[in-house]
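The structure appears right after this line, and notes come after that.
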Amino acid sequence: MGVIVAKFGGTSLANAVQFRKVYRIIMEDPRRQYVVVSAPGKCHSGDTKITDLLYACHKKASLGEEFGEVFEAIAQRFRDIIRDLNLDLDVEPLLKEIRERIAAGASADYVASRGEYLNAIIMAKFLGYDFVDAADIIFFDERGMFDSERTNEAVARCLSRHERAVIPGFYGSMPNGEIKTFPRGGSDITGAIIARGVNAEVYENWTDVSGFLMADPRIVENPKPIRKITYRELRELAYMGASVLHEDSIFPVKKAGIPVHIKNTNAPEEPGTLIVNEAEPVTCTGAITGVAGKKGFTVIAIEKTFMHVELGFGRRLLSILESNGISFEHMPSGIDTISLVIADSQLDGKLEKVIEEIKEQLQPDSVEVHSNMALIATVGRGMAHTPGIAAKLFTALGNEGINVRMIDQGSSEINIIVGVENEDMERAVRAIYYAFVDNCK
Ligand code: ASP
């Protein structure tokens, strides 16, 4: 029987009602042997996450201010959960110790980590699972870098002795035993580390949405969910801003080839999204997996006859960017043309200087600047080797009267990027989405 590691985010654990949902989910499948928890999140939109309250406590304490009131609010959230679940668990000694350590000047990382720590103790008691402290199995080195191999061995060794356990997310320990946290949202990383360590069949990431959608629901009404996506496609879409899960946070399982299943704690019957290394091409959505757009780019289009035979032209162009500290996003080129697509935030106040240097050093026939551009990425593993995709995409944009300023297709053929005016972005995303999805039979 394979093992499942199930990680639950803050909204999935905000109060006793949510804890009960988690209980049902865990009990439904005996393979869910290892559970990773975040700290309690917001109960409602005006609420504050426990982690934020803990950081606030630490800040007050470090400024010598009174932190008792904030700490009481935190303590009460945990007491309420324990009471509402009728658990026979006395957290008062733990709360007292944490409070004393805050008063004695404990580090921000230690203080912030206590939300996950307490929540894991409560969840372990509720499920009847063992509690395993992340500080004993997740390690950072002297420089504060995550020590993946030492951690992996420790996780494998320790959890082989616990058939079922709850592990707090978000933190580990330094060689001197001090607590160190991952970046915010880091419980996702902990879940992935545990999944790799126990060689899980799947890493389930339980959150408050049913996975990824094919397009931003603020742009496309009721977009279809993505059932399956590869890590590479996810990277393309995440780069354009589509996010549910930060793709960097799942590196341990990506490396190990363990699939990640995004599921909704509030709607566990929905299929969610499965992230895998390799997958069969999508067919039912006419070959695309998703479409995403991002505004705020500038295109610098350079033309020079015989550019293609001028040795070092590209290198000199890019060194102008480099010496100005600018990175570029895309560089589509033709025989005598080359365009640079750059995020506006990179160019900030530097555009004129860059243009001057290009003119001076490269002597082009013309340099044109198109600002207010949006990029739209149409992503799909099914696009590779499927004729007619580009035709369909450009026909859709043409029918909408949208002017395409730039086209770039990565050699992997899993995406086509087009540049349009900022103001056309939403219309373009909708046109592409419906061109592919409505054809789905
Ligand atoms: N509780 C931490 C945060 O709010 C970590 C997490 O939930 O993943 O960032």
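Identifiers in this document derive from the order of the structure tokens: chains are assigned A, B, ..., residues are numbered from 1 separately in each chain, and ligands are numbered from 1 in order of occurrence.
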
- Name the residues in contact with Ala431 of chain A at a cut-off of 7 Å, using only C-alpha atoms, excluding same-chain residues fewer than 4 positions from it; report them as number ranges by chain. A: 396-397, 427, 435

Restricting it to all heavy atoms, dump the selection as a compact mmCIF listing (two decimals), in the first residue's frame.
# COMPACT_ATOMS: atom_id res chain seq x y z
N ALA A 396 -8.48 33.45 -33.81
CA ALA A 396 -9.34 33.94 -32.71
C ALA A 396 -9.02 35.40 -32.40
O ALA A 396 -9.92 36.22 -32.22
CB ALA A 396 -9.13 33.07 -31.47
N LEU A 397 -7.75 35.73 -32.35
CA LEU A 397 -7.37 37.11 -32.04
C LEU A 397 -7.76 38.04 -33.19
O LEU A 397 -8.25 39.14 -32.97
CB LEU A 397 -5.86 37.20 -31.76
CG LEU A 397 -5.38 36.46 -30.51
CD1 LEU A 397 -3.86 36.53 -30.40
CD2 LEU A 397 -6.01 37.04 -29.26
N ARG A 427 -9.68 40.81 -23.35
CA ARG A 427 -10.40 40.32 -24.54
C ARG A 427 -9.61 39.22 -25.24
O ARG A 427 -10.17 38.24 -25.73
CB ARG A 427 -10.58 41.50 -25.53
CG ARG A 427 -11.96 42.10 -25.42
CD ARG A 427 -12.26 43.16 -26.45
NE ARG A 427 -11.15 43.88 -27.01
CZ ARG A 427 -10.88 43.96 -28.31
NH1 ARG A 427 -11.65 43.35 -29.18
NH2 ARG A 427 -9.86 44.67 -28.75
N ALA A 435 -11.74 29.90 -28.07
CA ALA A 435 -11.37 29.25 -29.33
C ALA A 435 -11.01 27.79 -29.07
O ALA A 435 -11.36 26.91 -29.85
CB ALA A 435 -10.18 29.96 -29.95

- Mind checking which residues fall within 9 Å of segment 335-351 of chain A, counting only C-alpha atoms, ignoring those fewer than 6 positions away in the same chain, and posting them as number ranges by chain? A: 295-308, 314, 324-329, 371-372, 406, 419

Using backbone DSSP assignments, extract all strand (DSSP E or B) residues from segment 55-236 of chain A; output them as a PDB file with N, CA, C and O atoms, in the first residue's frame.
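Contents of states.pdb, as written:
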ATOM      1  N   ASP A 130       0.823  10.122  16.091  1.00  0.00           N
ATOM      2  CA  ASP A 130       1.966  10.603  16.862  1.00  0.00           C
ATOM      3  C   ASP A 130       2.265  12.045  16.455  1.00  0.00           C
ATOM      4  O   ASP A 130       1.997  12.440  15.314  1.00  0.00           O
ATOM      5  N   PHE A 131       2.882  12.791  17.368  1.00  0.00           N
ATOM      6  CA  PHE A 131       3.373  14.129  17.019  1.00  0.00           C
ATOM      7  C   PHE A 131       4.879  14.005  16.803  1.00  0.00           C
ATOM      8  O   PHE A 131       5.589  13.455  17.640  1.00  0.00           O
ATOM      9  N   PHE A 139      16.418  20.146   8.696  1.00  0.00           N
ATOM     10  CA  PHE A 139      17.641  20.847   9.107  1.00  0.00           C
ATOM     11  C   PHE A 139      18.109  21.913   8.124  1.00  0.00           C
ATOM     12  O   PHE A 139      17.995  21.747   6.908  1.00  0.00           O
ATOM     13  N   PHE A 140      18.684  22.945   8.703  1.00  0.00           N
ATOM     14  CA  PHE A 140      19.362  23.990   7.931  1.00  0.00           C
ATOM     15  C   PHE A 140      20.847  23.924   8.295  1.00  0.00           C
ATOM     16  O   PHE A 140      21.183  23.436   9.375  1.00  0.00           O
ATOM     17  N   PHE A 146      18.785  25.350   3.552  1.00  0.00           N
ATOM     18  CA  PHE A 146      18.116  24.077   3.813  1.00  0.00           C
ATOM     19  C   PHE A 146      19.074  22.927   3.472  1.00  0.00           C
ATOM     20  O   PHE A 146      19.657  22.895   2.388  1.00  0.00           O
ATOM     21  N   ALA A 165       1.726   9.950  11.704  1.00  0.00           N
ATOM     22  CA  ALA A 165       2.219  11.097  12.480  1.00  0.00           C
ATOM     23  C   ALA A 165       1.743  12.410  11.889  1.00  0.00           C
ATOM     24  O   ALA A 165       1.442  12.516  10.699  1.00  0.00           O
ATOM     25  N   VAL A 166       1.682  13.423  12.777  1.00  0.00           N
ATOM     26  CA  VAL A 166       1.413  14.799  12.351  1.00  0.00           C
ATOM     27  C   VAL A 166       2.702  15.591  12.561  1.00  0.00           C
ATOM     28  O   VAL A 166       3.333  15.496  13.625  1.00  0.00           O
ATOM     29  N   ILE A 167       3.086  16.334  11.532  1.00  0.00           N
ATOM     30  CA  ILE A 167       4.338  17.106  11.587  1.00  0.00           C
ATOM     31  C   ILE A 167       3.993  18.582  11.336  1.00  0.00           C
ATOM     32  O   ILE A 167       3.290  18.894  10.383  1.00  0.00           O
ATOM     33  N   PRO A 168       4.470  19.497  12.187  1.00  0.00           N
ATOM     34  CA  PRO A 168       4.196  20.915  11.938  1.00  0.00           C
ATOM     35  C   PRO A 168       4.944  21.417  10.692  1.00  0.00           C
ATOM     36  O   PRO A 168       6.094  21.037  10.485  1.00  0.00           O
ATOM     37  N   TYR A 171       8.874  25.101   9.528  1.00  0.00           N
ATOM     38  CA  TYR A 171      10.168  25.329  10.191  1.00  0.00           C
ATOM     39  C   TYR A 171      10.996  24.059  10.356  1.00  0.00           C
ATOM     40  O   TYR A 171      10.515  22.943  10.168  1.00  0.00           O
ATOM     41  N   GLY A 172      12.246  24.296  10.716  1.00  0.00           N
ATOM     42  CA  GLY A 172      13.171  23.216  11.056  1.00  0.00           C
ATOM     43  C   GLY A 172      14.163  23.791  12.045  1.00  0.00           C
ATOM     44  O   GLY A 172      13.856  24.791  12.703  1.00  0.00           O
ATOM     45  N   SER A 173      15.364  23.176  12.127  1.00  0.00           N
ATOM     46  CA  SER A 173      16.309  23.724  13.098  1.00  0.00           C
ATOM     47  C   SER A 173      17.698  23.901  12.508  1.00  0.00           C
ATOM     48  O   SER A 173      18.076  23.250  11.538  1.00  0.00           O
ATOM     49  N   ILE A 179      15.487  27.388  16.206  1.00  0.00           N
ATOM     50  CA  ILE A 179      14.438  27.214  15.202  1.00  0.00           C
ATOM     51  C   ILE A 179      14.662  28.170  14.037  1.00  0.00           C
ATOM     52  O   ILE A 179      14.992  29.335  14.232  1.00  0.00           O
ATOM     53  N   LYS A 180      14.471  27.649  12.818  1.00  0.00           N
ATOM     54  CA  LYS A 180      14.522  28.523  11.637  1.00  0.00           C
ATOM     55  C   LYS A 180      13.314  28.221  10.759  1.00  0.00           C
ATOM     56  O   LYS A 180      12.951  27.067  10.572  1.00  0.00           O
ATOM     57  N   THR A 181      12.675  29.290  10.252  1.00  0.00           N
ATOM     58  CA  THR A 181      11.500  29.072   9.395  1.00  0.00           C
ATOM     59  C   THR A 181      11.870  29.152   7.909  1.00  0.00           C
ATOM     60  O   THR A 181      12.857  29.770   7.541  1.00  0.00           O
ATOM     61  N   VAL A 202       1.787   9.960  -3.409  1.00  0.00           N
ATOM     62  CA  VAL A 202       1.305  11.267  -3.829  1.00  0.00           C
ATOM     63  C   VAL A 202       1.397  12.243  -2.655  1.00  0.00           C
ATOM     64  O   VAL A 202       1.295  11.851  -1.493  1.00  0.00           O
ATOM     65  N   TYR A 203       1.652  13.505  -3.003  1.00  0.00           N
ATOM     66  CA  TYR A 203       1.667  14.560  -1.988  1.00  0.00           C
ATOM     67  C   TYR A 203       0.383  15.365  -2.175  1.00  0.00           C
ATOM     68  O   TYR A 203       0.202  16.027  -3.182  1.00  0.00           O
ATOM     69  N   GLU A 204      -0.503  15.251  -1.202  1.00  0.00           N
ATOM     70  CA  GLU A 204      -1.771  15.990  -1.292  1.00  0.00           C
ATOM     71  C   GLU A 204      -1.630  17.350  -0.612  1.00  0.00           C
ATOM     72  O   GLU A 204      -1.228  17.430   0.546  1.00  0.00           O
ATOM     73  N   ASN A 205      -2.001  18.384  -1.339  1.00  0.00           N
ATOM     74  CA  ASN A 205      -1.929  19.735  -0.789  1.00  0.00           C
ATOM     75  C   ASN A 205      -3.361  20.261  -0.687  1.00  0.00           C
ATOM     76  O   ASN A 205      -3.957  20.644  -1.684  1.00  0.00           O
ATOM     77  N   TRP A 206      -3.883  20.257   0.543  1.00  0.00           N
ATOM     78  CA  TRP A 206      -5.292  20.621   0.766  1.00  0.00           C
ATOM     79  C   TRP A 206      -5.409  22.113   1.062  1.00  0.00           C
ATOM     80  O   TRP A 206      -4.771  22.615   1.983  1.00  0.00           O
ATOM     81  N   THR A 207      -6.254  22.786   0.278  1.00  0.00           N
ATOM     82  CA  THR A 207      -6.349  24.229   0.414  1.00  0.00           C
ATOM     83  C   THR A 207      -7.824  24.642   0.336  1.00  0.00           C
ATOM     84  O   THR A 207      -8.705  23.827   0.631  1.00  0.00           O
ATOM     85  N   LEU A 213      -7.388  26.634 -12.405  1.00  0.00           N
ATOM     86  CA  LEU A 213      -8.398  26.820 -13.450  1.00  0.00           C
ATOM     87  C   LEU A 213      -7.676  27.134 -14.748  1.00  0.00           C
ATOM     88  O   LEU A 213      -6.541  27.616 -14.746  1.00  0.00           O
ATOM     89  N   PRO A 225     -11.802  23.671 -14.775  1.00  0.00           N
ATOM     90  CA  PRO A 225     -10.643  23.315 -13.944  1.00  0.00           C
ATOM     91  C   PRO A 225      -9.599  22.554 -14.761  1.00  0.00           C
ATOM     92  O   PRO A 225      -9.931  21.929 -15.770  1.00  0.00           O
ATOM     93  N   LYS A 228      -5.145  17.875 -14.799  1.00  0.00           N
ATOM     94  CA  LYS A 228      -3.772  17.388 -14.741  1.00  0.00           C
ATOM     95  C   LYS A 228      -2.864  18.391 -15.425  1.00  0.00           C
ATOM     96  O   LYS A 228      -3.211  18.938 -16.472  1.00  0.00           O
ATOM     97  N   ILE A 229      -1.715  18.642 -14.838  1.00  0.00           N
ATOM     98  CA  ILE A 229      -0.778  19.603 -15.424  1.00  0.00           C
ATOM     99  C   ILE A 229       0.639  19.095 -15.151  1.00  0.00           C
ATOM    100  O   ILE A 229       0.878  18.460 -14.116  1.00  0.00           O
ATOM    101  N   THR A 230       1.552  19.343 -16.083  1.00  0.00           N
ATOM    102  CA  THR A 230       2.934  18.920 -15.814  1.00  0.00           C
ATOM    103  C   THR A 230       3.660  20.054 -15.089  1.00  0.00           C
ATOM    104  O   THR A 230       3.250  21.212 -15.146  1.00  0.00           O
TER     105      THR A 230
END

- Item | Within 12 Å of ligand 1, counting only C-alpha atoms and all ligand atoms, residues as number ranges by chain | A: 7-14, 36-42, 48-55, 109, 111-120, 168-171, 181-192, 205-207, 245-246, 249

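Closest approach to Arg24 of chain A among A:Glu178, A:Glu368, A:Glu269, A:Glu149: A:Glu269, based on only C-alpha atoms.
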
- Task: Please provide the set of residues having any atom within 8 Å of segment 385-395 of chain A, restricted to only C-alpha atoms, with same-chain residues fewer than 5 positions apart removed, written as a list of chain:residue names.
- Result: A:Ala287, A:Glu413, A:Ile416, A:Ile432, A:Ala435, A:Phe436

Keeping N, CA, C and O atoms for every residue in the selection just given, could you write it to a file as a short mmCIF file (atom, residue, chain, number, x, y, z; two decimals), in the first residue's frame?
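So result.cif came out as:
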data_model
loop_
_atom_site.label_atom_id
_atom_site.label_comp_id
_atom_site.auth_asym_id
_atom_site.auth_seq_id
_atom_site.Cartn_x
_atom_site.Cartn_y
_atom_site.Cartn_z
N ALA A 287 -6.20 20.82 -26.98
CA ALA A 287 -4.74 20.90 -26.87
C ALA A 287 -4.18 21.93 -25.91
O ALA A 287 -2.99 21.97 -25.70
N GLU A 413 7.82 24.00 -27.59
CA GLU A 413 6.48 23.95 -28.19
C GLU A 413 5.36 23.74 -27.18
O GLU A 413 4.30 23.24 -27.53
N ILE A 416 2.80 29.33 -26.51
CA ILE A 416 2.92 30.40 -27.49
C ILE A 416 2.66 31.68 -26.71
O ILE A 416 1.67 31.78 -25.99
N ILE A 432 -8.88 33.53 -26.83
CA ILE A 432 -8.09 32.29 -26.92
C ILE A 432 -8.78 31.16 -26.16
O ILE A 432 -8.94 30.05 -26.66
N ALA A 435 -11.74 29.90 -28.07
CA ALA A 435 -11.37 29.25 -29.33
C ALA A 435 -11.01 27.79 -29.07
O ALA A 435 -11.36 26.91 -29.85
N PHE A 436 -10.34 27.54 -27.96
CA PHE A 436 -9.93 26.17 -27.69
C PHE A 436 -10.96 25.40 -26.89
O PHE A 436 -11.28 24.27 -27.20
#
